[in-house]
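Undergrad: My structure file coords_37.cif, mmCIF, C-alpha atoms, is below:
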```cif
data_protein
loop_
_atom_site.label_atom_id
_atom_site.label_comp_id
_atom_site.auth_asym_id
_atom_site.auth_seq_id
_atom_site.Cartn_x
_atom_site.Cartn_y
_atom_site.Cartn_z
CA MET A 19 -37.82 -13.95 -4.72
CA VAL A 20 -34.50 -12.49 -3.59
CA GLU A 21 -33.32 -9.59 -5.72
CA GLU A 22 -30.36 -10.30 -7.98
CA LYS A 23 -28.20 -7.69 -6.25
CA TRP A 24 -28.54 -9.42 -2.88
CA VAL A 25 -27.66 -12.75 -4.46
CA ALA A 26 -24.54 -11.09 -5.90
CA LEU A 27 -23.62 -9.49 -2.57
CA SER A 28 -24.06 -12.64 -0.50
CA ASN A 29 -22.21 -14.80 -3.01
CA THR A 30 -19.25 -12.49 -3.41
CA THR A 31 -19.04 -11.87 0.34
CA ILE A 32 -18.86 -15.62 1.01
CA GLY A 33 -16.21 -15.95 -1.67
CA VAL A 34 -14.06 -13.10 -0.35
CA LEU A 35 -14.44 -14.33 3.25
CA MET A 36 -13.39 -17.87 2.30
CA ALA A 37 -10.44 -16.70 0.21
CA THR A 38 -9.09 -14.32 2.88
CA ILE A 39 -9.54 -16.87 5.68
CA ASN A 40 -7.21 -19.13 3.72
CA MET A 41 -4.59 -16.38 3.50
CA SER A 42 -4.03 -16.48 7.26
CA ILE A 43 -5.30 -19.91 8.34
CA LEU A 44 -1.83 -21.48 8.14
CA ILE A 45 0.04 -18.92 10.25
CA ILE A 46 -0.46 -20.63 13.62
CA ALA A 47 -1.05 -24.08 12.15
CA LEU A 48 2.32 -24.48 10.38
CA PRO A 49 4.02 -26.41 13.23
CA ALA A 50 1.16 -28.96 13.23
CA ILE A 51 1.28 -29.27 9.42
CA PHE A 52 5.04 -29.88 9.32
CA SER A 53 4.75 -32.32 12.20
CA GLY A 54 2.05 -34.14 10.25
CA ILE A 55 4.28 -34.59 7.20
CA HIS A 56 7.31 -35.42 9.40
CA LEU A 57 9.49 -32.50 8.35
CA ASP A 58 11.44 -29.97 10.42
CA PRO A 59 10.89 -26.58 8.74
CA LEU A 60 13.69 -24.90 10.70
CA LYS A 61 16.40 -26.92 8.99
CA SER A 62 18.18 -24.82 6.39
CA ASN A 63 17.13 -27.01 3.46
CA SER A 64 13.49 -27.09 4.60
CA PHE A 65 12.97 -23.44 5.48
CA VAL A 66 12.11 -22.59 1.87
CA TYR A 67 9.19 -25.04 2.06
CA LEU A 68 7.83 -23.12 5.04
CA LEU A 69 8.06 -19.82 3.15
CA TRP A 70 6.33 -21.14 0.04
CA ILE A 71 3.54 -22.93 1.91
CA LEU A 72 2.90 -19.73 3.85
CA MET A 73 3.44 -17.10 1.14
CA GLY A 74 2.83 -18.97 -2.12
CA TYR A 75 -0.93 -18.40 -1.87
CA MET A 76 -0.53 -14.62 -1.60
CA ILE A 77 2.12 -14.44 -4.33
CA VAL A 78 0.04 -16.38 -6.87
CA THR A 79 -3.10 -14.40 -6.02
CA ALA A 80 -1.32 -11.07 -6.46
CA VAL A 81 0.30 -12.11 -9.74
CA LEU A 82 -2.89 -13.36 -11.40
CA LEU A 83 -5.33 -10.58 -10.46
CA VAL A 84 -4.69 -8.33 -13.46
CA THR A 85 -4.69 -11.15 -16.03
CA ILE A 86 -7.83 -12.75 -14.65
CA GLY A 87 -9.53 -9.36 -14.51
CA ARG A 88 -8.98 -8.95 -18.24
CA LEU A 89 -10.06 -12.52 -19.00
CA SER A 90 -13.24 -11.88 -17.03
CA ASP A 91 -14.00 -8.81 -19.15
CA ILE A 92 -13.63 -10.95 -22.25
CA PHE A 93 -15.36 -14.20 -21.23
CA GLY A 94 -17.75 -13.07 -18.49
CA ARG A 95 -17.23 -12.21 -14.82
CA VAL A 96 -19.84 -14.54 -13.36
CA LYS A 97 -18.57 -17.49 -15.38
CA LEU A 98 -15.00 -17.08 -14.15
CA PHE A 99 -16.14 -16.27 -10.60
CA ASN A 100 -17.99 -19.58 -10.56
CA LEU A 101 -14.92 -21.31 -11.98
CA GLY A 102 -12.89 -19.78 -9.16
CA PHE A 103 -15.13 -21.37 -6.53
CA LEU A 104 -14.74 -24.74 -8.25
CA ILE A 105 -10.94 -24.54 -8.54
CA PHE A 106 -10.63 -23.36 -4.95
CA THR A 107 -12.72 -26.28 -3.71
CA ILE A 108 -10.67 -28.79 -5.71
CA GLY A 109 -7.46 -27.29 -4.29
CA SER A 110 -8.84 -27.57 -0.74
CA ILE A 111 -9.75 -31.23 -1.26
CA LEU A 112 -6.29 -31.99 -2.65
CA LEU A 113 -4.67 -30.28 0.33
CA TYR A 114 -6.79 -32.34 2.72
CA LEU A 115 -5.78 -35.54 0.94
CA THR A 116 -2.05 -34.72 0.66
CA PRO A 117 -0.49 -38.21 0.67
CA GLY A 118 3.24 -37.46 0.82
CA LYS A 119 5.61 -37.16 3.75
CA GLY A 120 8.86 -35.28 4.16
CA ASP A 121 10.10 -33.27 1.17
CA THR A 122 7.51 -34.89 -1.12
CA GLY A 123 4.68 -33.90 1.19
CA ALA A 124 5.94 -30.31 1.39
CA LEU A 125 6.14 -30.03 -2.40
CA GLU A 126 2.62 -31.46 -2.73
CA LEU A 127 1.31 -28.93 -0.21
CA ILE A 128 2.96 -26.08 -2.14
CA PHE A 129 1.51 -27.25 -5.46
CA PHE A 130 -1.99 -27.76 -4.06
CA ARG A 131 -1.81 -24.36 -2.34
CA ILE A 132 -1.04 -22.84 -5.73
CA VAL A 133 -4.12 -24.56 -7.18
CA GLN A 134 -6.17 -23.11 -4.31
CA ALA A 135 -4.64 -19.68 -4.92
CA VAL A 136 -5.62 -19.76 -8.60
CA GLY A 137 -9.23 -20.26 -7.52
CA GLY A 138 -8.89 -17.47 -4.98
CA SER A 139 -7.59 -15.18 -7.72
CA PHE A 140 -10.71 -15.75 -9.82
CA ILE A 141 -12.85 -14.90 -6.78
CA PHE A 142 -10.92 -11.75 -5.81
CA ALA A 143 -10.67 -10.45 -9.38
CA ASN A 144 -14.42 -10.64 -9.96
CA SER A 145 -16.11 -9.95 -6.62
CA TYR A 146 -15.97 -6.17 -6.69
CA ALA A 147 -16.75 -6.05 -10.42
CA ILE A 148 -19.87 -8.22 -9.93
CA ILE A 149 -21.05 -5.91 -7.14
CA THR A 150 -20.48 -2.88 -9.34
CA ASP A 151 -22.53 -4.52 -12.10
CA ASN A 152 -25.46 -5.33 -9.78
CA PHE A 153 -25.72 -2.25 -7.54
CA LYS A 154 -26.71 1.29 -8.44
CA LYS A 155 -24.12 3.99 -7.95
CA GLU A 156 -25.64 5.25 -4.69
CA GLU A 157 -25.71 1.69 -3.24
CA ARG A 158 -22.25 0.52 -4.23
CA GLY A 159 -20.49 2.02 -1.21
CA PHE A 160 -22.58 -0.09 1.15
CA ALA A 161 -22.11 -3.28 -0.87
CA LEU A 162 -18.36 -2.78 -1.32
CA GLY A 163 -18.08 -2.00 2.38
CA ILE A 164 -19.67 -5.34 3.25
CA ASN A 165 -17.13 -7.10 1.04
CA ALA A 166 -14.28 -5.12 2.62
CA ILE A 167 -15.48 -6.07 6.12
CA ALA A 168 -15.58 -9.73 5.05
CA ALA A 169 -12.01 -9.49 3.75
CA THR A 170 -10.75 -7.89 6.97
CA ALA A 171 -12.66 -10.33 9.17
CA GLY A 172 -11.41 -13.27 7.12
CA MET A 173 -7.78 -12.54 7.98
CA SER A 174 -8.57 -12.57 11.72
CA ILE A 175 -10.94 -15.55 11.55
CA GLY A 176 -8.35 -17.57 9.63
CA ILE A 177 -5.77 -17.25 12.40
CA VAL A 178 -8.27 -18.34 15.09
CA VAL A 179 -9.76 -21.21 13.06
CA GLY A 180 -6.32 -22.44 12.01
CA GLY A 181 -5.11 -22.47 15.60
CA ILE A 182 -8.15 -24.42 16.82
CA LEU A 183 -8.16 -27.00 14.02
CA ALA A 184 -4.41 -27.53 14.25
CA THR A 185 -4.90 -28.95 17.74
CA ILE A 186 -7.35 -31.54 16.37
CA ASN A 187 -5.99 -32.58 12.98
CA TRP A 188 -3.93 -30.47 10.58
CA ARG A 189 -5.89 -31.77 7.58
CA TYR A 190 -9.08 -30.18 8.90
CA ILE A 191 -7.49 -26.79 8.23
CA PHE A 192 -8.04 -27.42 4.53
CA LEU A 193 -11.22 -29.46 4.83
CA VAL A 194 -13.11 -26.57 6.46
CA SER A 195 -13.22 -24.70 3.13
CA VAL A 196 -14.70 -27.58 1.15
CA PRO A 197 -18.40 -27.31 2.17
CA VAL A 198 -18.26 -23.52 1.74
CA GLY A 199 -16.64 -23.95 -1.66
CA ILE A 200 -19.25 -26.48 -2.79
CA LEU A 201 -22.05 -24.20 -1.60
CA GLY A 202 -20.53 -21.23 -3.38
CA THR A 203 -19.96 -23.19 -6.60
CA VAL A 204 -23.54 -24.48 -6.76
CA TRP A 205 -25.13 -21.24 -5.60
CA SER A 206 -23.23 -19.00 -8.02
CA TYR A 207 -23.90 -21.41 -10.90
CA LEU A 208 -27.64 -21.54 -10.23
CA LYS A 209 -28.41 -18.02 -9.04
CA LEU A 210 -25.77 -15.56 -10.17
CA LYS A 211 -26.51 -14.01 -13.56
CA GLU A 212 -24.19 -12.30 -15.99
CA THR A 213 -25.10 -8.59 -16.23
CA SER A 214 -22.05 -7.03 -17.87
CA PRO A 215 -21.49 -7.28 -21.63
CA LYS A 216 -18.45 -9.20 -22.79
CA ILE A 217 -15.71 -7.01 -24.25
CA LYS A 218 -14.44 -8.02 -27.67
CA GLN A 219 -10.77 -7.48 -26.98
CA LYS A 220 -7.74 -9.70 -26.95
CA LEU A 221 -5.58 -10.41 -23.94
CA ASP A 222 -2.69 -7.97 -23.53
CA ILE A 223 0.06 -10.59 -23.73
CA PRO A 224 3.13 -8.27 -23.58
CA GLY A 225 1.66 -6.31 -20.68
CA ASN A 226 0.59 -9.37 -18.74
CA ILE A 227 3.93 -11.12 -19.20
CA THR A 228 5.81 -8.00 -18.08
CA PHE A 229 3.58 -7.39 -15.06
CA ALA A 230 3.30 -11.02 -13.95
CA GLY A 231 6.97 -11.73 -14.59
CA GLY A 232 8.10 -8.63 -12.73
CA LEU A 233 5.84 -9.31 -9.76
CA ILE A 234 6.80 -13.00 -9.56
CA ILE A 235 10.54 -12.28 -9.72
CA LEU A 236 10.27 -9.45 -7.20
CA LEU A 237 8.18 -11.45 -4.72
CA VAL A 238 10.40 -14.52 -5.08
CA GLY A 239 13.38 -12.29 -4.35
CA VAL A 240 11.69 -10.97 -1.21
CA THR A 241 10.73 -14.51 -0.17
CA TYR A 242 14.29 -15.80 -0.43
CA GLY A 243 15.58 -12.58 1.09
CA ILE A 244 14.05 -13.51 4.43
CA ALA A 245 15.44 -17.05 4.25
CA PRO A 246 18.85 -17.91 5.74
CA TYR A 247 21.83 -17.64 3.38
CA LYS A 248 25.14 -19.31 4.24
CA SER A 249 26.09 -18.10 7.73
CA SER A 250 23.66 -15.16 7.65
CA PRO A 251 20.17 -15.45 9.20
CA MET A 252 18.76 -13.48 6.24
CA GLY A 253 19.35 -13.76 2.52
CA TRP A 254 19.50 -10.13 1.42
CA GLY A 255 23.19 -10.53 0.56
CA ASN A 256 22.45 -13.44 -1.78
CA PRO A 257 23.42 -12.36 -5.35
CA TRP A 258 20.36 -14.14 -6.74
CA VAL A 259 18.09 -12.21 -4.38
CA ILE A 260 19.68 -8.88 -5.35
CA ALA A 261 19.36 -9.75 -9.05
CA ALA A 262 15.72 -10.79 -8.61
CA LEU A 263 14.83 -7.54 -6.83
CA ILE A 264 16.47 -5.45 -9.56
CA ILE A 265 15.02 -7.41 -12.51
CA GLY A 266 11.55 -7.52 -10.95
CA ALA A 267 11.56 -3.77 -10.29
CA VAL A 268 12.74 -3.02 -13.85
CA LEU A 269 10.00 -5.17 -15.39
CA LEU A 270 7.31 -3.46 -13.29
CA VAL A 271 8.63 -0.03 -14.35
CA LEU A 272 8.48 -1.14 -17.99
CA PHE A 273 4.89 -2.43 -17.66
CA PRO A 274 3.10 0.89 -18.45
CA PHE A 275 5.21 1.33 -21.58
CA VAL A 276 4.76 -2.13 -23.12
CA ARG A 277 1.09 -2.76 -22.28
CA GLU A 278 -1.30 -2.64 -25.21
#
```
Kindly transcribe the structure held in the file into structure tokens.
TA:
Amino acid sequence: MVEEKWVALSNTTIGVLMATINMSILIIALPAIFSGIHLDPLKSNSFVYLLWILMGYMIVTAVLLVTIGRLSDIFGRVKLFNLGFLIFTIGSILLYLTPGKGDTGALELIFFRIVQAVGGSFIFANSYAIITDNFKKEERGFALGINAIAATAGMSIGIVVGGILATINWRYIFLVSVPVGILGTVWSYLKLKETSPKIKQKLDIPGNITFAGGLIILLVGVTYGIAPYKSSPMGWGNPWVIAALIIGAVLLVLFPFVRE
């Protein structure tokens, strides 16, 4: 029988690899995706769609990590890690089946990417913690290193896989994650065991709202800052962008003082 620690390492490595591949898989494939939904992303009113389809996944993942980490301490890391695989797989299926065209199709892709990102957040937030729970102190460096290699490799693999699949059918870019997600969901449910005790604490609502709100506002400001504004090719002069950057930074500075 395979030792529990190797089950944890293989499962979390697959999860991290899958989640990071999907961070970069759209970079080269975006022209094929927009062609598939019959939308020109370079038009001024469509450029925001391009930014959100590309960056929405990373923004949502970054925003949710702290909150999901705390929820995992309360309800169980393995349980929420398994839930992450399931949500990620559902998001990938929805992306593959995206029915809309034009603006509707772009909005559907953004929403389904957010669903996928929520699942990725559950995976990222729990992978390293599960390894820490299952490996002795002297073995953790090796196990965490394997996960780090998977994360780094995933970013490179995603670009290559996205470029290849885009030449065949843009929907395959999202379909490729489905069998891996199903495998991960079933495998983690059947084999991965909870080893860390649940912590009887409540969720830090003020802290999470301040952190998540600040990060969302800041990242949205950055996102619109690189979008065209009026006659300028960039949006850093947009008053809303300037306000978002200031408000987001202030909320993040306040986070250590309001967290419980």
Undergrad: Quick one, how far is CA of Gly102 (chain A) from CA of Glu156 (chain A)?
TA: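 We find that CA of Gly102 (chain A) and CA of Glu156 (chain A) lie 28.4 Å from each other.
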Undergrad: If I put a ball of radius 10 Å at (5.1, -28.1, 0.8) in the file's coordinates, which residues poke into it when counting all atoms listed in the file, written as a list of chain:residue names?
TA: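 Every polymer residue passing the test: A:Ile51, A:Phe52, A:Ile55, A:Leu57, A:Pro59, A:Ser64, A:Val66, A:Tyr67, A:Leu68, A:Leu69, A:Trp70, A:Ile71, A:Leu72, A:Gly74, A:Thr116, A:Gly118, A:Lys119, A:Gly120, A:Asp121, A:Thr122, A:Gly123, A:Ala124, A:Leu125, A:Glu126, A:Leu127, A:Ile128, A:Phe129, A:Phe130, A:Arg131.
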Undergrad: Using all atoms of region 234-253 of chain A that appear in the file, construct an axis-aligned enclosing box with 6 Å of padding on every side and provide its centre coordinates and edge lengths in Å, rounded to one decimal, as lines of an AutoDock Vina configuration file.
TA:
```
center_x = 16.4
center_y = -14.4
center_z = -0.3
size_x = 31.3
size_y = 21.9
size_z = 30.9
```
Undergrad: Using only C-alpha atoms, give me every residue within 8 Å of (-3.3, -29.6, 9.3) in file coordinates, as a PyMOL selection string.
TA: chain A and resi 47-48+50-51+54+114+183-184+187-192
Undergrad: Which residues would end up in the selection if the PyMOL selection byres ((chain A and resi 36) around 8) were applied here, given that I need the answer as a PDB file with C-alpha atoms, in the frame of the given file?
TA:
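Saved result, result-v7.pdb, follows:
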```
ATOM      1  CA  ILE A  32     -18.860 -15.620   1.010  1.00  0.00           C
ATOM      2  CA  GLY A  33     -16.210 -15.950  -1.670  1.00  0.00           C
ATOM      3  CA  VAL A  34     -14.060 -13.100  -0.350  1.00  0.00           C
ATOM      4  CA  LEU A  35     -14.440 -14.330   3.250  1.00  0.00           C
ATOM      5  CA  ALA A  37     -10.440 -16.700   0.210  1.00  0.00           C
ATOM      6  CA  THR A  38      -9.090 -14.320   2.880  1.00  0.00           C
ATOM      7  CA  ILE A  39      -9.540 -16.870   5.680  1.00  0.00           C
ATOM      8  CA  ASN A  40      -7.210 -19.130   3.720  1.00  0.00           C
ATOM      9  CA  GLY A 172     -11.410 -13.270   7.120  1.00  0.00           C
ATOM     10  CA  SER A 195     -13.220 -24.700   3.130  1.00  0.00           C
ATOM     11  CA  VAL A 198     -18.260 -23.520   1.740  1.00  0.00           C
ATOM     12  CA  GLY A 199     -16.640 -23.950  -1.660  1.00  0.00           C
TER      13      GLY A 199
END
```
Undergrad: Given the file shown, determine the residues that the PyMOL selection byres ((chain A and resi 81-84) around 9) selects; report them as an NGL selection string.
TA: :A and (76-80 or 85-89 or 136 or 139-140 or 142-143 or 226 or 229-231 or 233-234)
Undergrad: From the options A:Thr241, A:Thr170, A:Thr150, A:Asn100, which residue's atoms come nearest to Trp258 (chain A), counting only C-alpha atoms?
TA: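 Among the listed residues, A:Thr241 lies closest to Trp258 (chain A).
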Undergrad: For Gly239 (chain A), which of A:Ala261, A:Met41, A:Val179, A:Leu98 is the closest residue, counting all atoms listed in the file?
TA: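 Nearest candidate to Gly239 (chain A) out of A:Ala261, A:Met41, A:Val179, A:Leu98: A:Ala261.
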Undergrad: Mind giving me the straight-line distance from CA of Phe103 (chain A) to CA of Ile132 (chain A) in Å, one decimal?
TA: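 About the pair CA of Phe103 (chain A) and CA of Ile132 (chain A): they are 14.2 Å apart.
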Undergrad: Please measure the separation of CA of Ser145 (chain A) and CA of Thr30 (chain A), giving the value in Å to one decimal.
TA: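 A separation of 5.2 Å between them.
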